[in-house]
Amino acid sequence: MDLGNQIKNIRQRKGLTQAEFALSIGITQTYLSQIEGNRKEPNLSTLKAIGEGLGVPLPILFFLS
């Protein structure tokens with residue numbers, strides 16, 4: 001599964017920097033970078049925040065990855 005890359009691609013298409021997006025969903029830019037680089041697996045609550053922040057339902061996020 002390549003969830004991190006999909007999160008990064010969607011975030012970039014929306015014109016958001018890592019710092020902006022991380023701040024808006026309540027995580028650190030470092031943690032977001034690790035998620036996008038597939039070095040960390042976010043918990044479900046963080047995934048929900050990411051999906052909501054990107055405007056993408058979780059099932060769709062998983063399907064795209």
# chains A, B, ... in the order shown; residues from 1 in each chain; ligands from 1
call {"tool": "residues_around", "arguments": {"residues": "Gly37 (chain A)", "least_positions_apart": "6", "cutoff": "12 Å", "atoms": "only C-alpha atoms", "output": "VMD selection string"}}
result
chain A and resid 2 to 9 18 30 to 31
call {"tool": "write_last_selection", "arguments": {"atoms": "N, CA, C and O atoms", "output": "PDB file, in the first residue's frame"}}
result
ATOM      1  N   ASP A   2       0.502   2.208  -0.791  1.00  0.00           N
ATOM      2  CA  ASP A   2       1.296   3.427  -0.922  1.00  0.00           C
ATOM      3  C   ASP A   2       0.486   4.640  -0.460  1.00  0.00           C
ATOM      4  O   ASP A   2       0.343   5.621  -1.177  1.00  0.00           O
ATOM      5  N   LEU A   3      -0.014   4.536   0.750  1.00  0.00           N
ATOM      6  CA  LEU A   3      -0.882   5.564   1.303  1.00  0.00           C
ATOM      7  C   LEU A   3      -0.170   6.910   1.417  1.00  0.00           C
ATOM      8  O   LEU A   3      -0.739   7.952   1.099  1.00  0.00           O
ATOM      9  N   GLY A   4       1.068   6.888   1.861  1.00  0.00           N
ATOM     10  CA  GLY A   4       1.827   8.125   2.047  1.00  0.00           C
ATOM     11  C   GLY A   4       1.947   8.940   0.771  1.00  0.00           C
ATOM     12  O   GLY A   4       1.757  10.168   0.784  1.00  0.00           O
ATOM     13  N   ASN A   5       2.257   8.272  -0.331  1.00  0.00           N
ATOM     14  CA  ASN A   5       2.386   8.983  -1.606  1.00  0.00           C
ATOM     15  C   ASN A   5       1.057   9.577  -2.064  1.00  0.00           C
ATOM     16  O   ASN A   5       1.026  10.668  -2.630  1.00  0.00           O
ATOM     17  N   GLN A   6      -0.039   8.854  -1.819  1.00  0.00           N
ATOM     18  CA  GLN A   6      -1.353   9.379  -2.207  1.00  0.00           C
ATOM     19  C   GLN A   6      -1.701  10.611  -1.395  1.00  0.00           C
ATOM     20  O   GLN A   6      -2.221  11.592  -1.938  1.00  0.00           O
ATOM     21  N   ILE A   7      -1.409  10.569  -0.092  1.00  0.00           N
ATOM     22  CA  ILE A   7      -1.656  11.737   0.751  1.00  0.00           C
ATOM     23  C   ILE A   7      -0.857  12.928   0.231  1.00  0.00           C
ATOM     24  O   ILE A   7      -1.378  14.035   0.077  1.00  0.00           O
ATOM     25  N   LYS A   8       0.408  12.682  -0.079  1.00  0.00           N
ATOM     26  CA  LYS A   8       1.274  13.753  -0.589  1.00  0.00           C
ATOM     27  C   LYS A   8       0.750  14.311  -1.906  1.00  0.00           C
ATOM     28  O   LYS A   8       0.678  15.536  -2.096  1.00  0.00           O
ATOM     29  N   ASN A   9       0.371  13.439  -2.828  1.00  0.00           N
ATOM     30  CA  ASN A   9      -0.119  13.875  -4.137  1.00  0.00           C
ATOM     31  C   ASN A   9      -1.381  14.726  -4.010  1.00  0.00           C
ATOM     32  O   ASN A   9      -1.506  15.772  -4.651  1.00  0.00           O
ATOM     33  N   GLN A  18       3.426  21.109   3.410  1.00  0.00           N
ATOM     34  CA  GLN A  18       3.379  20.176   4.532  1.00  0.00           C
ATOM     35  C   GLN A  18       3.090  20.916   5.827  1.00  0.00           C
ATOM     36  O   GLN A  18       2.280  20.466   6.639  1.00  0.00           O
ATOM     37  N   THR A  30       6.929  17.293  10.817  1.00  0.00           N
ATOM     38  CA  THR A  30       7.837  16.146  10.812  1.00  0.00           C
ATOM     39  C   THR A  30       7.059  14.838  10.719  1.00  0.00           C
ATOM     40  O   THR A  30       7.409  13.947   9.938  1.00  0.00           O
ATOM     41  N   TYR A  31       5.998  14.737  11.514  1.00  0.00           N
ATOM     42  CA  TYR A  31       5.179  13.523  11.498  1.00  0.00           C
ATOM     43  C   TYR A  31       4.507  13.345  10.137  1.00  0.00           C
ATOM     44  O   TYR A  31       4.480  12.245   9.585  1.00  0.00           O
TER      45      TYR A  31
END
call {"tool": "residues_around", "arguments": {"residues": "Lys48 (chain A)", "least_positions_apart": "6", "cutoff": "10 Å", "atoms": "only C-alpha atoms", "output": "PyMOL selection string"}}
result
chain A and resi 25+42+54+56-58
call {"tool": "atom_distance", "arguments": {"atom1": "CA of Gly26 (chain A)", "atom2": "CA of Asn43 (chain A)"}}
result
13.4 Å
call {"tool": "atom_distance", "arguments": {"atom1": "CA of Ser45 (chain A)", "atom2": "CA of Thr17 (chain A)"}}
result
21.1 Å
call {"tool": "select_by_dssp", "arguments": {"residues": "chain A", "states": "helix (DSSP H, G or I)", "output": "ChimeraX atom specification"}}
result
/A:3-13,18-25,29-36,44-54,58-64
call {"tool": "write_last_selection", "arguments": {"atoms": "C-alpha atoms", "output": "PDB file, in the first residue's frame"}}
result
ATOM      1  CA  LEU A   3      -0.882   5.564   1.303  1.00  0.00           C
ATOM      2  CA  GLY A   4       1.827   8.125   2.047  1.00  0.00           C
ATOM      3  CA  ASN A   5       2.386   8.983  -1.606  1.00  0.00           C
ATOM      4  CA  GLN A   6      -1.353   9.379  -2.207  1.00  0.00           C
ATOM      5  CA  ILE A   7      -1.656  11.737   0.751  1.00  0.00           C
ATOM      6  CA  LYS A   8       1.274  13.753  -0.589  1.00  0.00           C
ATOM      7  CA  ASN A   9      -0.119  13.875  -4.137  1.00  0.00           C
ATOM      8  CA  ILE A  10      -3.567  15.025  -3.019  1.00  0.00           C
ATOM      9  CA  ARG A  11      -2.087  17.610  -0.637  1.00  0.00           C
ATOM     10  CA  GLN A  12       0.122  19.023  -3.388  1.00  0.00           C
ATOM     11  CA  ARG A  13      -2.771  19.139  -5.886  1.00  0.00           C
ATOM     12  CA  GLN A  18       3.379  20.176   4.532  1.00  0.00           C
ATOM     13  CA  ALA A  19       3.596  22.799   7.270  1.00  0.00           C
ATOM     14  CA  GLU A  20       0.199  24.345   6.416  1.00  0.00           C
ATOM     15  CA  PHE A  21      -1.563  21.018   6.176  1.00  0.00           C
ATOM     16  CA  ALA A  22       0.029  19.546   9.298  1.00  0.00           C
ATOM     17  CA  LEU A  23      -0.963  22.617  11.319  1.00  0.00           C
ATOM     18  CA  SER A  24      -4.527  22.485  10.010  1.00  0.00           C
ATOM     19  CA  ILE A  25      -5.020  18.868  11.132  1.00  0.00           C
ATOM     20  CA  GLN A  29       5.210  18.763   9.906  1.00  0.00           C
ATOM     21  CA  THR A  30       7.837  16.146  10.812  1.00  0.00           C
ATOM     22  CA  TYR A  31       5.179  13.523  11.498  1.00  0.00           C
ATOM     23  CA  LEU A  32       3.372  14.360   8.237  1.00  0.00           C
ATOM     24  CA  SER A  33       6.656  14.045   6.370  1.00  0.00           C
ATOM     25  CA  GLN A  34       7.201  10.600   7.886  1.00  0.00           C
ATOM     26  CA  ILE A  35       3.665   9.536   6.928  1.00  0.00           C
ATOM     27  CA  GLU A  36       4.085  10.784   3.356  1.00  0.00           C
ATOM     28  CA  LEU A  44      -7.013   5.798  12.711  1.00  0.00           C
ATOM     29  CA  SER A  45      -7.782   9.176  14.288  1.00  0.00           C
ATOM     30  CA  THR A  46      -4.875  10.768  12.398  1.00  0.00           C
ATOM     31  CA  LEU A  47      -6.033   9.125   9.169  1.00  0.00           C
ATOM     32  CA  LYS A  48      -9.524  10.520   9.737  1.00  0.00           C
ATOM     33  CA  ALA A  49      -8.071  14.006  10.249  1.00  0.00           C
ATOM     34  CA  ILE A  50      -5.975  13.657   7.085  1.00  0.00           C
ATOM     35  CA  GLY A  51      -8.975  12.500   5.062  1.00  0.00           C
ATOM     36  CA  GLU A  52     -11.156  15.323   6.376  1.00  0.00           C
ATOM     37  CA  GLY A  53      -8.397  17.868   5.811  1.00  0.00           C
ATOM     38  CA  LEU A  54      -7.995  16.733   2.220  1.00  0.00           C
ATOM     39  CA  LEU A  58     -11.108   7.292   4.127  1.00  0.00           C
ATOM     40  CA  PRO A  59     -12.383   4.443   1.909  1.00  0.00           C
ATOM     41  CA  ILE A  60     -11.456   6.475  -1.177  1.00  0.00           C
ATOM     42  CA  LEU A  61      -8.033   7.296   0.286  1.00  0.00           C
ATOM     43  CA  PHE A  62      -7.399   3.584   0.854  1.00  0.00           C
ATOM     44  CA  PHE A  63      -8.729   2.698  -2.605  1.00  0.00           C
ATOM     45  CA  LEU A  64      -6.397   5.195  -4.284  1.00  0.00           C
TER      46      LEU A  64
END
call {"tool": "decode", "arguments": {"residues": "chain A", "atoms": "C-alpha atoms", "output": "PDB file, in the first residue's frame"}}
result
ATOM      1  CA  MET A   1       0.000   0.000   0.000  1.00  0.00           C
ATOM      2  CA  ASP A   2       1.296   3.427  -0.922  1.00  0.00           C
ATOM      3  CA  LEU A   3      -0.882   5.564   1.303  1.00  0.00           C
ATOM      4  CA  GLY A   4       1.827   8.125   2.047  1.00  0.00           C
ATOM      5  CA  ASN A   5       2.386   8.983  -1.606  1.00  0.00           C
ATOM      6  CA  GLN A   6      -1.353   9.379  -2.207  1.00  0.00           C
ATOM      7  CA  ILE A   7      -1.656  11.737   0.751  1.00  0.00           C
ATOM      8  CA  LYS A   8       1.274  13.753  -0.589  1.00  0.00           C
ATOM      9  CA  ASN A   9      -0.119  13.875  -4.137  1.00  0.00           C
ATOM     10  CA  ILE A  10      -3.567  15.025  -3.019  1.00  0.00           C
ATOM     11  CA  ARG A  11      -2.087  17.610  -0.637  1.00  0.00           C
ATOM     12  CA  GLN A  12       0.122  19.023  -3.388  1.00  0.00           C
ATOM     13  CA  ARG A  13      -2.771  19.139  -5.886  1.00  0.00           C
ATOM     14  CA  LYS A  14      -4.674  21.224  -3.361  1.00  0.00           C
ATOM     15  CA  GLY A  15      -1.714  23.613  -3.157  1.00  0.00           C
ATOM     16  CA  LEU A  16      -0.945  22.983   0.510  1.00  0.00           C
ATOM     17  CA  THR A  17       2.529  22.859   2.003  1.00  0.00           C
ATOM     18  CA  GLN A  18       3.379  20.176   4.532  1.00  0.00           C
ATOM     19  CA  ALA A  19       3.596  22.799   7.270  1.00  0.00           C
ATOM     20  CA  GLU A  20       0.199  24.345   6.416  1.00  0.00           C
ATOM     21  CA  PHE A  21      -1.563  21.018   6.176  1.00  0.00           C
ATOM     22  CA  ALA A  22       0.029  19.546   9.298  1.00  0.00           C
ATOM     23  CA  LEU A  23      -0.963  22.617  11.319  1.00  0.00           C
ATOM     24  CA  SER A  24      -4.527  22.485  10.010  1.00  0.00           C
ATOM     25  CA  ILE A  25      -5.020  18.868  11.132  1.00  0.00           C
ATOM     26  CA  GLY A  26      -3.128  19.124  14.414  1.00  0.00           C
ATOM     27  CA  ILE A  27       0.040  17.145  13.764  1.00  0.00           C
ATOM     28  CA  THR A  28       3.649  18.191  13.308  1.00  0.00           C
ATOM     29  CA  GLN A  29       5.210  18.763   9.906  1.00  0.00           C
ATOM     30  CA  THR A  30       7.837  16.146  10.812  1.00  0.00           C
ATOM     31  CA  TYR A  31       5.179  13.523  11.498  1.00  0.00           C
ATOM     32  CA  LEU A  32       3.372  14.360   8.237  1.00  0.00           C
ATOM     33  CA  SER A  33       6.656  14.045   6.370  1.00  0.00           C
ATOM     34  CA  GLN A  34       7.201  10.600   7.886  1.00  0.00           C
ATOM     35  CA  ILE A  35       3.665   9.536   6.928  1.00  0.00           C
ATOM     36  CA  GLU A  36       4.085  10.784   3.356  1.00  0.00           C
ATOM     37  CA  GLY A  37       7.447   9.024   3.110  1.00  0.00           C
ATOM     38  CA  ASN A  38       5.859   5.760   4.319  1.00  0.00           C
ATOM     39  CA  ARG A  39       8.189   5.723   7.320  1.00  0.00           C
ATOM     40  CA  LYS A  40       5.353   5.976   9.879  1.00  0.00           C
ATOM     41  CA  GLU A  41       1.869   4.496   9.846  1.00  0.00           C
ATOM     42  CA  PRO A  42      -0.703   6.916  11.247  1.00  0.00           C
ATOM     43  CA  ASN A  43      -3.358   5.741  13.684  1.00  0.00           C
ATOM     44  CA  LEU A  44      -7.013   5.798  12.711  1.00  0.00           C
ATOM     45  CA  SER A  45      -7.782   9.176  14.288  1.00  0.00           C
ATOM     46  CA  THR A  46      -4.875  10.768  12.398  1.00  0.00           C
ATOM     47  CA  LEU A  47      -6.033   9.125   9.169  1.00  0.00           C
ATOM     48  CA  LYS A  48      -9.524  10.520   9.737  1.00  0.00           C
ATOM     49  CA  ALA A  49      -8.071  14.006  10.249  1.00  0.00           C
ATOM     50  CA  ILE A  50      -5.975  13.657   7.085  1.00  0.00           C
ATOM     51  CA  GLY A  51      -8.975  12.500   5.062  1.00  0.00           C
ATOM     52  CA  GLU A  52     -11.156  15.323   6.376  1.00  0.00           C
ATOM     53  CA  GLY A  53      -8.397  17.868   5.811  1.00  0.00           C
ATOM     54  CA  LEU A  54      -7.995  16.733   2.220  1.00  0.00           C
ATOM     55  CA  GLY A  55     -11.727  16.391   1.638  1.00  0.00           C
ATOM     56  CA  VAL A  56     -11.313  12.716   0.754  1.00  0.00           C
ATOM     57  CA  PRO A  57     -13.301   9.975   2.543  1.00  0.00           C
ATOM     58  CA  LEU A  58     -11.108   7.292   4.127  1.00  0.00           C
ATOM     59  CA  PRO A  59     -12.383   4.443   1.909  1.00  0.00           C
ATOM     60  CA  ILE A  60     -11.456   6.475  -1.177  1.00  0.00           C
ATOM     61  CA  LEU A  61      -8.033   7.296   0.286  1.00  0.00           C
ATOM     62  CA  PHE A  62      -7.399   3.584   0.854  1.00  0.00           C
ATOM     63  CA  PHE A  63      -8.729   2.698  -2.605  1.00  0.00           C
ATOM     64  CA  LEU A  64      -6.397   5.195  -4.284  1.00  0.00           C
ATOM     65  CA  SER A  65      -3.403   3.792  -2.462  1.00  0.00           C
TER      66      SER A  65
END
